[in-house]
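Reading through the structure tokens given below for one structure.
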Amino acid sequence: MKNLKKYKNSIWRVPLVAVIAGFLYTPIYIRIVIQFGVIEPGVIDSRVSLMTSLGILAAVLILGGMLLLRGLSKKEIFISAFVLSAYGILLLLVQSLLGAVTGPGAIVFMYLWKPLEWTGFFVDFSFYLRERFGFSLPLIGWLRCLVPFLFVLFGHKTHKSEKI
């Protein structure tokens, strides 16, 4: 019970970063791709799209880790990232089991994926490989659920209040 009280204030930090990033992702992505990626009307350069996704992913990790997770220990961030990763894996499993890839079910899942939308680089990379080289690695899409664990790199060895 003592451990639960210790982590209750930090357990929602990574999901909070993810929700904020999820709502900012689409407007930023669209502006950058329209500015730099439109080759001709209706055609987008897939490399620009891929690099934009990667840039936003890196920005979220760096800014979120440095600004919103400052002062947390690696263990606290790991537990918080686990919450978000578990949500993503559960969502992937449920969507796969239901087969909700088109229609109203897909729209519901589109909204449910919002907190992990900023990890879209891995999905874009999978599409890029299929488009460019003709092969697909479905496991790449599952990596997006593990990205929140990269926030652990920004944690301290111990929490600041534990230091004497």
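Residues are referred to by chain and number: the chain letter is A, B, ... according to the order shown in the structure tokens, the number counts from 1 in that chain, and ligands are numbered separately from 1 in the order shown.
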Within 12 Å of stretch 42-54 of chain A using only C-alpha atoms, minus same-chain residues under 6 positions, as number ranges by chain: A: 25-36, 60-61, 117-132, 144, 147
Top pick for closest residue to A:Pro15, considering A:Gly141, A:Pro115, A:Gly99, A:Gly55 and counting only C-alpha atoms: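 The closest residue to A:Pro15 is A:Pro115.
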Which residue of A:Ile39, A:Cys145, A:Ile20, A:Leu150 approaches A:Ser85 most closely, using only C-alpha atoms: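 Using only C-alpha atoms, A:Ser85 sits closest to A:Cys145.
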Å distance separating atom CA of A:Ser136 from atom CA of A:Leu92, one decimal place: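 Separating atom CA of A:Ser136 from atom CA of A:Leu92 is a distance of 17.6 Å.
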Taking only chain A into account, list the residues labelled alpha helix (DSSP H) by DSSP (computed from the backbone), as a ChimeraX atom specification. /A:2-7,13-36,46-63,74-98,103-112,121-133,139-143
Work out how far atom CA of A:Val17 is from atom CA of A:Ile62, in Å to one decimal.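 Computing it gives 11.1 Å between the two atoms.
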Please identify all polymer residues within 10 Å of A:Ala81, counting only C-alpha atoms, omitting same-chain residues fewer than 3 positions from it, and present them as a list in words. Ile11, Trp12, Arg13, Val14, Pro15, Ala18, Lys75, Glu76, Ile77, Phe78, Leu84, Ser85, Ala86, Tyr87, Cys145, Leu146, Val147, Pro148, Phe149, Leu150, Phe151 and Val152 of chain A
Would you mind exporting N, CA, C and O atoms of the selected residues as a PDB file, in the first residue's frame?
ATOM      1  N   ILE A  11       2.051   8.230 -11.621  1.00  0.00           N
ATOM      2  CA  ILE A  11       1.645   7.137 -12.514  1.00  0.00           C
ATOM      3  C   ILE A  11       0.963   7.649 -13.790  1.00  0.00           C
ATOM      4  O   ILE A  11       1.028   6.997 -14.825  1.00  0.00           O
ATOM      5  N   TRP A  12       0.377   8.823 -13.744  1.00  0.00           N
ATOM      6  CA  TRP A  12      -0.337   9.348 -14.913  1.00  0.00           C
ATOM      7  C   TRP A  12       0.477  10.359 -15.705  1.00  0.00           C
ATOM      8  O   TRP A  12      -0.044  10.957 -16.641  1.00  0.00           O
ATOM      9  N   ARG A  13       1.751  10.546 -15.366  1.00  0.00           N
ATOM     10  CA  ARG A  13       2.560  11.543 -16.061  1.00  0.00           C
ATOM     11  C   ARG A  13       2.802  11.195 -17.527  1.00  0.00           C
ATOM     12  O   ARG A  13       2.612  12.024 -18.406  1.00  0.00           O
ATOM     13  N   VAL A  14       3.262   9.980 -17.823  1.00  0.00           N
ATOM     14  CA  VAL A  14       3.522   9.592 -19.210  1.00  0.00           C
ATOM     15  C   VAL A  14       2.217   9.553 -20.014  1.00  0.00           C
ATOM     16  O   VAL A  14       2.183  10.073 -21.129  1.00  0.00           O
ATOM     17  N   PRO A  15       1.115   8.997 -19.480  1.00  0.00           N
ATOM     18  CA  PRO A  15      -0.137   9.090 -20.241  1.00  0.00           C
ATOM     19  C   PRO A  15      -0.579  10.531 -20.498  1.00  0.00           C
ATOM     20  O   PRO A  15      -1.130  10.833 -21.560  1.00  0.00           O
ATOM     21  N   ALA A  18       1.371  11.771 -23.340  1.00  0.00           N
ATOM     22  CA  ALA A  18       0.871  11.118 -24.548  1.00  0.00           C
ATOM     23  C   ALA A  18      -0.431  11.747 -25.043  1.00  0.00           C
ATOM     24  O   ALA A  18      -0.619  11.931 -26.240  1.00  0.00           O
ATOM     25  N   LYS A  75      12.266   4.502 -12.134  1.00  0.00           N
ATOM     26  CA  LYS A  75      11.243   3.533 -11.742  1.00  0.00           C
ATOM     27  C   LYS A  75       9.851   4.140 -11.861  1.00  0.00           C
ATOM     28  O   LYS A  75       8.926   3.488 -12.351  1.00  0.00           O
ATOM     29  N   GLU A  76       9.690   5.380 -11.429  1.00  0.00           N
ATOM     30  CA  GLU A  76       8.389   6.044 -11.537  1.00  0.00           C
ATOM     31  C   GLU A  76       7.985   6.214 -12.997  1.00  0.00           C
ATOM     32  O   GLU A  76       6.830   5.972 -13.362  1.00  0.00           O
ATOM     33  N   ILE A  77       8.921   6.609 -13.834  1.00  0.00           N
ATOM     34  CA  ILE A  77       8.629   6.778 -15.253  1.00  0.00           C
ATOM     35  C   ILE A  77       8.325   5.433 -15.892  1.00  0.00           C
ATOM     36  O   ILE A  77       7.423   5.316 -16.726  1.00  0.00           O
ATOM     37  N   PHE A  78       9.052   4.390 -15.495  1.00  0.00           N
ATOM     38  CA  PHE A  78       8.809   3.054 -16.038  1.00  0.00           C
ATOM     39  C   PHE A  78       7.382   2.598 -15.725  1.00  0.00           C
ATOM     40  O   PHE A  78       6.679   2.087 -16.594  1.00  0.00           O
ATOM     41  N   LEU A  84       0.678   3.270 -20.065  1.00  0.00           N
ATOM     42  CA  LEU A  84       0.384   3.649 -21.446  1.00  0.00           C
ATOM     43  C   LEU A  84       0.645   2.492 -22.412  1.00  0.00           C
ATOM     44  O   LEU A  84      -0.145   2.254 -23.325  1.00  0.00           O
ATOM     45  N   SER A  85       1.718   1.772 -22.216  1.00  0.00           N
ATOM     46  CA  SER A  85       2.038   0.636 -23.085  1.00  0.00           C
ATOM     47  C   SER A  85       1.002  -0.473 -22.954  1.00  0.00           C
ATOM     48  O   SER A  85       0.598  -1.072 -23.955  1.00  0.00           O
ATOM     49  N   ALA A  86       0.585  -0.737 -21.742  1.00  0.00           N
ATOM     50  CA  ALA A  86      -0.447  -1.760 -21.527  1.00  0.00           C
ATOM     51  C   ALA A  86      -1.744  -1.348 -22.222  1.00  0.00           C
ATOM     52  O   ALA A  86      -2.424  -2.190 -22.835  1.00  0.00           O
ATOM     53  N   TYR A  87      -2.078  -0.078 -22.152  1.00  0.00           N
ATOM     54  CA  TYR A  87      -3.258   0.430 -22.845  1.00  0.00           C
ATOM     55  C   TYR A  87      -3.136   0.193 -24.351  1.00  0.00           C
ATOM     56  O   TYR A  87      -4.082  -0.276 -24.988  1.00  0.00           O
ATOM     57  N   CYS A 145       3.712   0.540 -29.257  1.00  0.00           N
ATOM     58  CA  CYS A 145       3.241   0.372 -27.878  1.00  0.00           C
ATOM     59  C   CYS A 145       4.387   0.379 -26.870  1.00  0.00           C
ATOM     60  O   CYS A 145       4.166   0.581 -25.683  1.00  0.00           O
ATOM     61  N   LEU A 146       5.597   0.164 -27.330  1.00  0.00           N
ATOM     62  CA  LEU A 146       6.749   0.122 -26.435  1.00  0.00           C
ATOM     63  C   LEU A 146       7.510   1.447 -26.378  1.00  0.00           C
ATOM     64  O   LEU A 146       8.381   1.627 -25.538  1.00  0.00           O
ATOM     65  N   VAL A 147       7.182   2.372 -27.271  1.00  0.00           N
ATOM     66  CA  VAL A 147       7.871   3.664 -27.322  1.00  0.00           C
ATOM     67  C   VAL A 147       7.823   4.427 -25.995  1.00  0.00           C
ATOM     68  O   VAL A 147       8.815   5.038 -25.608  1.00  0.00           O
ATOM     69  N   PRO A 148       6.718   4.415 -25.246  1.00  0.00           N
ATOM     70  CA  PRO A 148       6.695   5.157 -23.980  1.00  0.00           C
ATOM     71  C   PRO A 148       7.824   4.776 -23.015  1.00  0.00           C
ATOM     72  O   PRO A 148       8.226   5.590 -22.181  1.00  0.00           O
ATOM     73  N   PHE A 149       8.356   3.570 -23.141  1.00  0.00           N
ATOM     74  CA  PHE A 149       9.455   3.180 -22.251  1.00  0.00           C
ATOM     75  C   PHE A 149      10.725   3.989 -22.525  1.00  0.00           C
ATOM     76  O   PHE A 149      11.624   4.019 -21.690  1.00  0.00           O
ATOM     77  N   LEU A 150      10.809   4.651 -23.675  1.00  0.00           N
ATOM     78  CA  LEU A 150      11.975   5.500 -23.959  1.00  0.00           C
ATOM     79  C   LEU A 150      12.024   6.721 -23.038  1.00  0.00           C
ATOM     80  O   LEU A 150      13.078   7.329 -22.869  1.00  0.00           O
ATOM     81  N   PHE A 151      10.896   7.075 -22.438  1.00  0.00           N
ATOM     82  CA  PHE A 151      10.891   8.178 -21.471  1.00  0.00           C
ATOM     83  C   PHE A 151      11.743   7.856 -20.251  1.00  0.00           C
ATOM     84  O   PHE A 151      12.192   8.763 -19.556  1.00  0.00           O
ATOM     85  N   VAL A 152      11.961   6.583 -19.973  1.00  0.00           N
ATOM     86  CA  VAL A 152      12.765   6.173 -18.814  1.00  0.00           C
ATOM     87  C   VAL A 152      14.165   6.765 -18.906  1.00  0.00           C
ATOM     88  O   VAL A 152      14.802   7.048 -17.883  1.00  0.00           O
TER      89      VAL A 152
END
What parts of chain A does DSSP call strand (DSSP E)? I'd like the answer as JSON, numbers by chain. {"A": [38, 39, 40, 43, 44]}
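Taking atom CA of A:Phe23 as the reference point, atom CA of A:Leu67 is found at 17.5 Å.
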Taking 2 positions as the minimum chain separation for residues in the same chain, which residues sit within 12 Å of A:Gln95 when counting only C-alpha atoms? Answer as JSON, numbers by chain. {"A": [88, 89, 90, 91, 92, 93, 97, 98, 99, 100, 101, 102, 105, 106, 107, 108, 109, 110, 112, 113]}
File of the preceding selection, C-alpha atoms, as a compact mmCIF listing (two decimals), in the first residue's frame:
# COMPACT_ATOMS: atom_id res chain seq x y z
CA GLY A 88 -1.76 0.32 -26.35
CA ILE A 89 -1.22 -3.44 -26.33
CA LEU A 90 -4.74 -4.03 -25.00
CA LEU A 91 -6.13 -1.75 -27.70
CA LEU A 92 -4.19 -3.60 -30.41
CA LEU A 93 -5.40 -6.96 -29.18
CA LEU A 97 -9.80 -9.69 -32.25
CA LEU A 98 -12.79 -7.60 -33.34
CA GLY A 99 -11.36 -7.00 -36.81
CA ALA A 100 -12.41 -3.36 -36.55
CA VAL A 101 -10.31 -1.93 -39.37
CA THR A 102 -13.14 -0.34 -41.38
CA GLY A 105 -15.62 0.28 -35.31
CA ALA A 106 -12.52 1.74 -36.93
CA ILE A 107 -13.71 5.26 -36.14
CA VAL A 108 -14.08 4.35 -32.46
CA PHE A 109 -10.57 2.87 -32.42
CA MET A 110 -9.22 5.94 -34.21
CA LEU A 112 -9.10 5.45 -28.71
CA TRP A 113 -5.63 5.51 -30.35
